[in-house]
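One file, target-v3.cif, is given below (mmCIF, C-alpha atoms).
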data_protein
#
loop_
_atom_site.label_atom_id
_atom_site.label_comp_id
_atom_site.auth_asym_id
_atom_site.auth_seq_id
_atom_site.Cartn_x
_atom_site.Cartn_y
_atom_site.Cartn_z
CA GLN A 26 39.84 -6.50 15.49
CA ILE A 27 36.46 -5.04 16.39
CA ASP A 28 36.25 -1.72 18.19
CA GLU A 29 33.32 -2.86 20.36
CA ARG A 30 35.62 -4.96 22.35
CA PRO A 31 33.73 -7.01 24.26
CA PRO A 32 37.83 -15.99 33.15
CA ARG A 33 41.09 -16.53 33.68
CA GLY A 34 41.96 -20.23 33.58
CA ASP A 35 44.85 -22.55 34.28
CA ILE A 36 45.82 -22.83 30.61
CA GLN A 37 49.42 -23.51 29.71
CA PRO A 38 50.74 -20.90 27.28
CA ALA A 39 51.13 -22.28 23.78
CA GLY A 40 54.44 -22.71 22.04
CA ALA A 41 56.53 -23.64 25.03
CA GLU A 42 58.77 -25.29 22.46
CA GLN A 43 59.20 -23.67 19.09
CA GLY A 44 57.05 -25.19 16.39
CA GLN A 45 55.13 -27.29 18.89
CA HIS A 46 51.34 -27.37 18.66
CA CYS A 47 49.43 -25.72 21.47
CA THR A 48 48.84 -27.96 24.45
CA ARG A 49 45.65 -26.24 25.53
CA ASP A 50 42.63 -28.42 24.82
CA THR A 51 39.11 -27.33 23.96
CA GLU A 52 37.87 -28.11 27.46
CA GLY A 53 40.42 -25.73 28.87
CA ILE A 54 39.72 -22.94 26.38
CA GLN A 55 36.25 -22.49 27.83
CA LEU A 56 37.80 -21.33 31.09
CA LEU A 57 38.82 -18.11 29.37
CA PHE A 58 35.75 -17.51 27.26
CA ALA A 59 32.65 -18.88 28.97
CA PRO A 60 30.45 -16.11 30.44
CA VAL A 61 29.60 -18.49 33.25
CA SER A 62 31.17 -19.88 36.39
CA VAL A 63 33.59 -22.72 35.76
CA ARG A 64 34.90 -25.29 38.21
CA ASP A 65 37.10 -28.22 37.24
CA ARG A 66 36.35 -27.55 33.57
CA VAL A 67 32.61 -27.94 34.08
CA VAL A 68 30.15 -25.12 33.47
CA GLN A 69 28.00 -24.33 36.48
CA THR A 70 24.43 -23.53 35.45
CA ASP A 71 21.20 -24.34 37.29
CA GLU A 72 22.61 -27.80 37.76
CA ASP A 73 26.19 -28.91 37.14
CA VAL A 74 26.43 -29.76 33.47
CA ASP A 75 29.27 -30.82 31.20
CA ILE A 76 29.67 -28.34 28.34
CA ALA A 77 30.73 -31.15 26.01
CA GLN A 78 27.31 -32.78 26.33
CA VAL A 79 24.59 -30.17 26.81
CA GLN A 80 23.96 -26.49 26.37
CA GLY A 81 24.04 -24.28 29.43
CA ILE A 82 22.02 -21.31 30.69
CA THR A 83 23.20 -19.34 33.68
CA GLU A 84 22.27 -16.09 35.37
CA ALA A 85 24.66 -13.31 34.44
CA LYS A 86 27.31 -12.18 36.88
CA VAL A 87 30.78 -10.69 36.73
CA ILE A 88 33.64 -13.19 36.94
CA ARG A 89 37.06 -11.92 37.94
CA GLY A 90 39.53 -11.97 35.08
CA ASN A 91 37.11 -12.34 32.16
CA ARG A 92 36.75 -9.96 29.25
CA ILE A 93 34.43 -7.08 30.14
CA TYR A 94 33.33 -4.69 27.40
CA ILE A 95 31.35 -1.48 27.48
CA GLU A 96 28.44 -3.18 25.70
CA ASP A 97 28.39 -6.01 28.22
CA ASN A 98 25.35 -6.02 30.43
CA LYS A 99 23.36 -8.49 32.42
CA ILE A 100 20.48 -8.89 30.00
CA LEU A 101 21.90 -11.50 27.60
CA LYS A 102 25.15 -12.97 26.28
CA ILE A 103 25.32 -15.93 23.93
CA LEU A 104 28.55 -17.70 23.07
CA ILE A 105 28.88 -20.69 20.74
CA PHE A 106 31.70 -23.02 21.69
CA ASN A 107 32.37 -26.50 20.31
CA GLY A 108 28.89 -26.61 18.77
CA LYS A 109 27.16 -25.74 22.05
CA ALA A 110 25.47 -22.53 23.15
CA ILE A 111 26.45 -21.00 26.48
CA ILE A 112 23.80 -18.47 27.47
CA SER A 113 24.21 -15.92 30.25
CA THR A 114 21.15 -13.82 31.07
CA ASN A 115 19.18 -12.08 33.79
CA SER A 116 16.14 -13.33 35.69
CA TYR A 117 13.71 -11.63 33.30
CA LEU A 118 14.90 -13.54 30.25
CA LYS A 119 16.01 -16.80 31.83
CA GLU A 120 12.65 -18.58 31.53
CA TRP A 121 12.22 -17.41 27.95
CA CYS A 122 15.70 -18.66 27.07
CA HIS A 123 14.86 -22.09 28.51
CA LYS A 124 11.57 -22.30 26.60
CA ASP A 125 12.68 -20.83 23.31
CA ILE A 126 16.29 -20.43 22.21
CA ALA A 127 17.75 -23.21 24.38
CA LYS A 128 16.03 -25.64 22.04
CA VAL A 129 18.07 -24.39 19.08
CA PRO A 130 21.28 -26.37 18.43
CA GLY A 131 24.36 -24.27 19.00
CA GLU A 132 25.49 -24.70 15.39
CA TRP A 133 22.35 -22.93 14.18
CA MET A 134 21.93 -20.37 16.96
CA PHE A 135 23.08 -17.45 14.82
CA LEU A 136 20.86 -18.13 11.82
CA THR A 137 19.08 -14.95 10.78
CA SER A 138 15.69 -16.43 11.63
CA VAL A 139 16.82 -17.21 15.18
CA LEU A 140 18.54 -13.85 15.60
CA ARG A 141 15.30 -12.12 14.60
CA ARG A 142 13.48 -13.85 17.45
CA ILE A 143 16.20 -12.88 19.89
CA ASP A 144 16.29 -9.31 18.64
CA LYS A 145 12.52 -8.97 18.95
CA ARG A 146 12.63 -10.13 22.57
CA LEU A 147 15.58 -7.84 23.36
CA GLY A 148 13.63 -4.92 21.94
CA GLU A 149 11.15 -5.20 24.79
CA PHE A 150 14.00 -4.23 27.13
CA GLY A 151 15.48 -1.49 24.95
CA TYR A 152 18.30 -3.53 23.42
CA GLU A 153 19.10 -4.90 19.98
CA ILE A 154 21.70 -7.14 18.37
CA ASP A 155 24.73 -5.20 17.19
CA ASN A 156 26.87 -7.85 15.49
CA ILE A 157 28.33 -11.34 15.69
CA HIS A 158 32.02 -11.80 16.46
CA HIS A 159 34.02 -14.77 15.16
CA CYS A 160 37.00 -15.34 17.44
CA TYR A 161 40.24 -17.25 16.89
CA LEU A 162 42.95 -18.68 19.12
CA PRO A 163 46.55 -19.59 18.18
CA HIS A 164 47.05 -23.05 16.76
CA TYR A 165 50.84 -23.07 16.81
CA GLU A 166 53.92 -20.91 17.19
CA GLU A 167 56.40 -20.67 14.33
CA SER A 168 60.14 -20.91 14.93
CA TYR A 169 60.84 -17.86 12.73
CA SER A 170 63.43 -15.57 14.36
CA TYR A 171 61.68 -12.22 13.81
CA LYS A 172 63.73 -10.22 16.32
CA ASP A 173 66.54 -9.69 13.79
CA ASP A 174 64.20 -8.82 10.91
CA LYS A 175 65.16 -5.32 9.77
CA SER A 176 61.85 -4.93 7.90
CA LEU A 177 60.02 -4.83 11.24
CA ARG A 178 59.84 -2.12 13.89
CA TRP A 179 58.42 -2.72 17.37
CA TYR A 180 56.54 -0.32 19.62
CA GLU A 181 55.61 -0.62 23.29
CA GLY A 182 53.83 1.47 25.91
CA GLU A 183 54.21 5.21 25.37
CA GLU A 184 55.83 4.66 21.96
CA ILE A 185 52.37 3.75 20.64
CA GLU A 186 50.97 7.16 21.56
CA GLN A 187 52.48 8.71 18.40
CA PHE A 188 49.84 6.86 16.35
CA ARG A 189 46.84 8.33 18.18
CA ASN A 190 44.38 9.80 15.66
CA ASP A 191 46.32 8.17 12.80
CA LYS A 192 43.45 6.70 10.78
CA ARG A 193 45.84 4.42 8.89
CA PHE A 194 46.11 2.24 11.99
CA ASP A 195 42.62 2.44 13.46
CA GLU A 196 42.33 -1.35 13.67
CA ALA A 197 45.81 -1.95 15.06
CA PHE A 198 45.35 0.43 18.01
CA ALA A 199 42.19 1.21 19.97
CA PHE A 200 43.46 3.97 22.27
CA ASP A 201 40.92 3.00 24.89
CA ARG A 202 42.06 3.15 28.52
CA ARG A 203 39.82 0.19 29.38
CA TYR A 204 41.70 -2.01 26.89
CA PRO A 205 45.15 -0.42 26.71
CA ASP A 206 47.33 -0.90 23.65
CA VAL A 207 50.41 -2.69 24.89
CA LEU A 208 52.42 -3.80 21.86
CA GLY A 209 52.74 -3.02 18.17
CA VAL A 210 54.83 -4.12 15.21
CA ALA A 211 55.16 -2.31 11.90
CA ALA A 212 56.25 -3.53 8.49
CA LEU A 213 58.65 -1.22 6.65
CA ASN A 214 59.35 -0.82 2.95
CA GLU A 215 62.84 -0.34 1.50
CA GLU A 216 62.71 3.37 2.29
CA GLY A 217 61.87 2.67 5.92
CA ASP A 218 58.27 3.87 5.66
CA ILE A 219 55.52 2.03 7.50
CA ILE A 220 53.29 0.02 5.17
CA GLY A 221 51.43 -2.05 7.75
CA MET A 222 50.82 -2.24 11.48
CA ALA A 223 49.61 -4.92 13.89
CA GLY A 224 48.75 -4.01 17.45
CA ALA A 225 47.71 -5.82 20.62
CA SER A 226 45.35 -4.54 23.30
CA GLU A 227 45.14 -5.98 26.82
CA ASP A 228 41.47 -6.97 26.83
CA CYS A 229 41.92 -8.78 30.14
CA GLU A 230 44.80 -9.93 32.32
CA GLU A 231 45.51 -13.08 30.32
CA MET A 232 44.30 -12.18 26.82
CA TRP A 233 45.61 -9.70 24.26
CA GLN A 234 43.56 -9.00 21.14
CA ILE A 235 45.32 -8.47 17.81
CA GLY A 236 44.28 -5.88 15.22
CA ILE A 237 45.84 -5.29 11.81
CA ASN A 238 46.06 -2.54 9.17
CA VAL A 239 47.85 -2.84 5.82
CA LEU A 240 48.14 0.27 3.67
CA PRO A 241 46.50 0.02 0.21
CA GLU A 242 49.81 0.15 -1.68
CA ALA A 243 51.09 -2.87 0.27
CA GLU A 244 48.05 -5.12 -0.04
CA GLY A 245 48.50 -8.55 -1.59
CA GLN A 246 52.12 -8.92 -0.44
CA GLY A 247 51.52 -11.07 2.63
CA ILE A 248 52.17 -8.16 5.00
CA GLY A 249 49.09 -8.83 7.13
CA LYS A 250 49.95 -12.51 7.55
CA LYS A 251 53.53 -11.71 8.56
CA LEU A 252 52.62 -9.01 11.07
CA VAL A 253 49.86 -10.99 12.74
CA SER A 254 52.10 -14.07 12.91
CA VAL A 255 55.06 -12.33 14.53
CA LEU A 256 52.87 -10.42 16.97
CA LYS A 257 51.07 -13.64 17.91
CA ASN A 258 54.42 -15.33 18.57
CA GLU A 259 55.69 -12.45 20.70
CA ILE A 260 52.51 -12.43 22.80
CA LEU A 261 52.86 -16.17 23.37
CA ARG A 262 56.51 -15.68 24.32
CA ARG A 263 55.35 -13.25 27.02
CA GLY A 264 53.02 -15.86 28.48
CA LYS A 265 49.77 -14.24 27.32
CA VAL A 266 47.00 -15.62 25.11
CA PRO A 267 46.65 -13.80 21.77
CA PHE A 268 43.25 -13.83 20.10
CA TYR A 269 41.87 -12.50 16.86
CA SER A 270 38.31 -11.30 16.29
CA THR A 271 36.43 -10.51 13.08
CA VAL A 272 32.95 -10.66 11.57
CA GLU A 273 31.31 -13.13 9.20
CA SER A 274 31.39 -10.93 6.12
CA HIS A 275 35.08 -9.99 6.42
CA ILE A 276 36.54 -12.89 4.45
CA ILE A 277 39.95 -11.25 4.00
CA SER A 278 40.29 -10.85 7.77
CA GLN A 279 39.29 -14.48 8.31
CA LYS A 280 41.93 -15.62 5.81
CA THR A 281 44.54 -13.53 7.62
CA ALA A 282 43.70 -15.27 10.88
CA LEU A 283 43.84 -18.76 9.36
CA THR A 284 47.12 -18.21 7.52
CA SER A 285 48.74 -16.60 10.58
CA GLY A 286 48.43 -19.64 12.80
CA PHE A 287 44.99 -19.06 14.29
CA TYR A 288 41.94 -21.30 14.18
CA PRO A 289 38.25 -20.50 14.88
CA VAL A 290 37.16 -21.34 18.43
CA PHE A 291 33.96 -19.52 19.30
CA ALA A 292 31.40 -16.97 18.18
CA GLU A 293 29.48 -14.52 20.34
CA VAL A 294 26.63 -12.06 19.87
CA MET A 295 27.15 -8.45 20.88
CA LEU A 296 24.29 -6.15 21.95
CA ARG A 297 23.74 -2.43 22.12
CA LYS A 298 21.13 -0.13 23.55
CA LYS A 299 18.62 1.23 21.05
#
Since I need it in another form, could you write the structure as structure tokens?
Amino acid sequence: QIDERPPRGDIQPAGAEQGQHCTRDTEGIQLLFAPVSVRDRVVQTDEDVDIAQVQGITEAKVIRGNRIYIEDNKILKILIFNGKAIISTNSYLKEWCHKDIAKVPGEWMFLTSVLRRIDKRLGEFGYEIDNIHHCYLPHYEESYSYKDDKSLRWYEGEEIEQFRNDKRFDEAFAFDRRYPDVLGVAALNEEGDIIGMAGASEDCEEMWQIGINVLPEAEGQGIGKKLVSVLKNEILRRGKVPFYSTVESHIISQKTALTSGFYPVFAEVMLRKK
């Protein structure tokens, strides 16, 4: 989970039947993530274009129900989905995007050489690239009955407040009123002490982001995988879409996502003011 947390679509919640693969398809996923207007699973840019065939550039605007983060602004957003780049920008950068970065295949958009060009252009407007997020969606829901697991302890709403300022769980909980922490699950050792915590924040109406902390003495025991898996399943059971976000260099975090029933779906660049 990344602290710089960065539209709602008609996507059927996954795991309607235990153990069943998600029914949402890649065309439908874009409805939640694309920073552009979407109608009938087609991205609306200057002209109506099919995201499965060409890259899209659109002028930035707020869409009801999408993920809005403090770093979000109308200067530039780039999201790579299914090998294509979806670019949302303002009128000042739109022509430059068409002439320059739109020519770069989506698969190679976040090469360092390309990011340097983007960062240089952003600098003229007082912005710079902060980082690149890799984001994951659930691939399946396990049938494991975790509700009766005595090695787990669940927290909701005000119960989470007791962990404010607890640095052990700074990834599990954000304590940010814009993205409220709504659910948590802890792993307990034989003495009943917490050795790991996974938390979910409501990043938008339909999507809850998962964060995870495992204490040093409990690392290497599969605690992270278990906590992320059970929290993912509970979020799905509640009819929400869990997602997991990390960065390219955090290999351990990526492995946790993959072994917990998530798969990589998109990547996006995050900006900040200089």
Within 10 Å of segment 139-152 of chain A, counting only C-alpha atoms, which residues qualify if same-chain residues fewer than 6 places away don't, as a count of residues only? 15
Identify all residues satisfying the PyMOL selection byres ((chain A and resi 172-183) around 6) in the given file; provide them as an mmCIF file with C-alpha atoms, keeping the file's coordinate frame.
data_model
loop_
_atom_site.group_PDB
_atom_site.id
_atom_site.type_symbol
_atom_site.label_atom_id
_atom_site.label_comp_id
_atom_site.auth_asym_id
_atom_site.auth_seq_id
_atom_site.Cartn_x
_atom_site.Cartn_y
_atom_site.Cartn_z
ATOM 1 C CA SER A 170 63.430 -15.570 14.360
ATOM 2 C CA TYR A 171 61.680 -12.220 13.810
ATOM 3 C CA GLU A 184 55.830 4.660 21.960
ATOM 4 C CA ILE A 185 52.370 3.750 20.640
ATOM 5 C CA GLU A 186 50.970 7.160 21.560
ATOM 6 C CA VAL A 207 50.410 -2.690 24.890
ATOM 7 C CA LEU A 208 52.420 -3.800 21.860
ATOM 8 C CA GLY A 209 52.740 -3.020 18.170
ATOM 9 C CA VAL A 210 54.830 -4.120 15.210
ATOM 10 C CA ALA A 211 55.160 -2.310 11.900
ATOM 11 C CA ALA A 212 56.250 -3.530 8.490
ATOM 12 C CA LEU A 213 58.650 -1.220 6.650
#
Work out how far apart atom CA of Lys102 of chain A and atom CA of Tyr269 of chain A are and give it in Å to one decimal.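 Going from atom CA of Lys102 of chain A over to atom CA of Tyr269 of chain A covers 19.2 Å.
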Do you know which residues the PyMOL selection byres ((chain A and resi 254) around 10) returns on this file, as a ChimeraX atom specification? /A:163,165-167,169,171,223,248-253,255-259,281-282,284-287
Which of A:Ile276, A:Lys265, A:Phe200, A:Ile154 sits closest to Gln187 of chain A [using all atoms listed in the file]: A:Phe200
In Å, how far is it from atom CA of Tyr204 of chain A to atom CA of Asn190 of chain A?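 So the answer is 16.5 Å.
Atom to atom, atom CA of Asp155 of chain A and atom CA of Met222 of chain A stand 26.9 Å apart.
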Which residue of A:Gly247, A:Glu216, A:Asp206, A:Ile112 approaches Cys229 of chain A most closely, using only C-alpha atoms: A:Asp206
Using the chain letters and numbers from this file, what does the PyMOL selection byres ((chain A and resi 160) around 6) select? Give the answer as a ChimeraX atom specification. /A:159,161,269-270,289,291-292
Export C-alpha atoms of the chosen residues as a PDB file, in the coordinates of the input?
ATOM      1  CA  HIS A 159      34.020 -14.770  15.160  1.00  0.00           C
ATOM      2  CA  TYR A 161      40.240 -17.250  16.890  1.00  0.00           C
ATOM      3  CA  TYR A 269      41.870 -12.500  16.860  1.00  0.00           C
ATOM      4  CA  SER A 270      38.310 -11.300  16.290  1.00  0.00           C
ATOM      5  CA  PRO A 289      38.250 -20.500  14.880  1.00  0.00           C
ATOM      6  CA  PHE A 291      33.960 -19.520  19.300  1.00  0.00           C
ATOM      7  CA  ALA A 292      31.400 -16.970  18.180  1.00  0.00           C
TER       8      ALA A 292
END
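In terms of minimum interatomic distance to Phe268 of chain A, A:Glu231 ranks closest within A:Asp218, A:Glu231, A:Glu196, A:Asp191, counting all atoms listed in the file.
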Counting all atoms listed in the file, figure out which residue out of A:Thr271, A:Asn115, A:Gly264, A:Ile103 gets nearest to Gly236 of chain A. A:Thr271
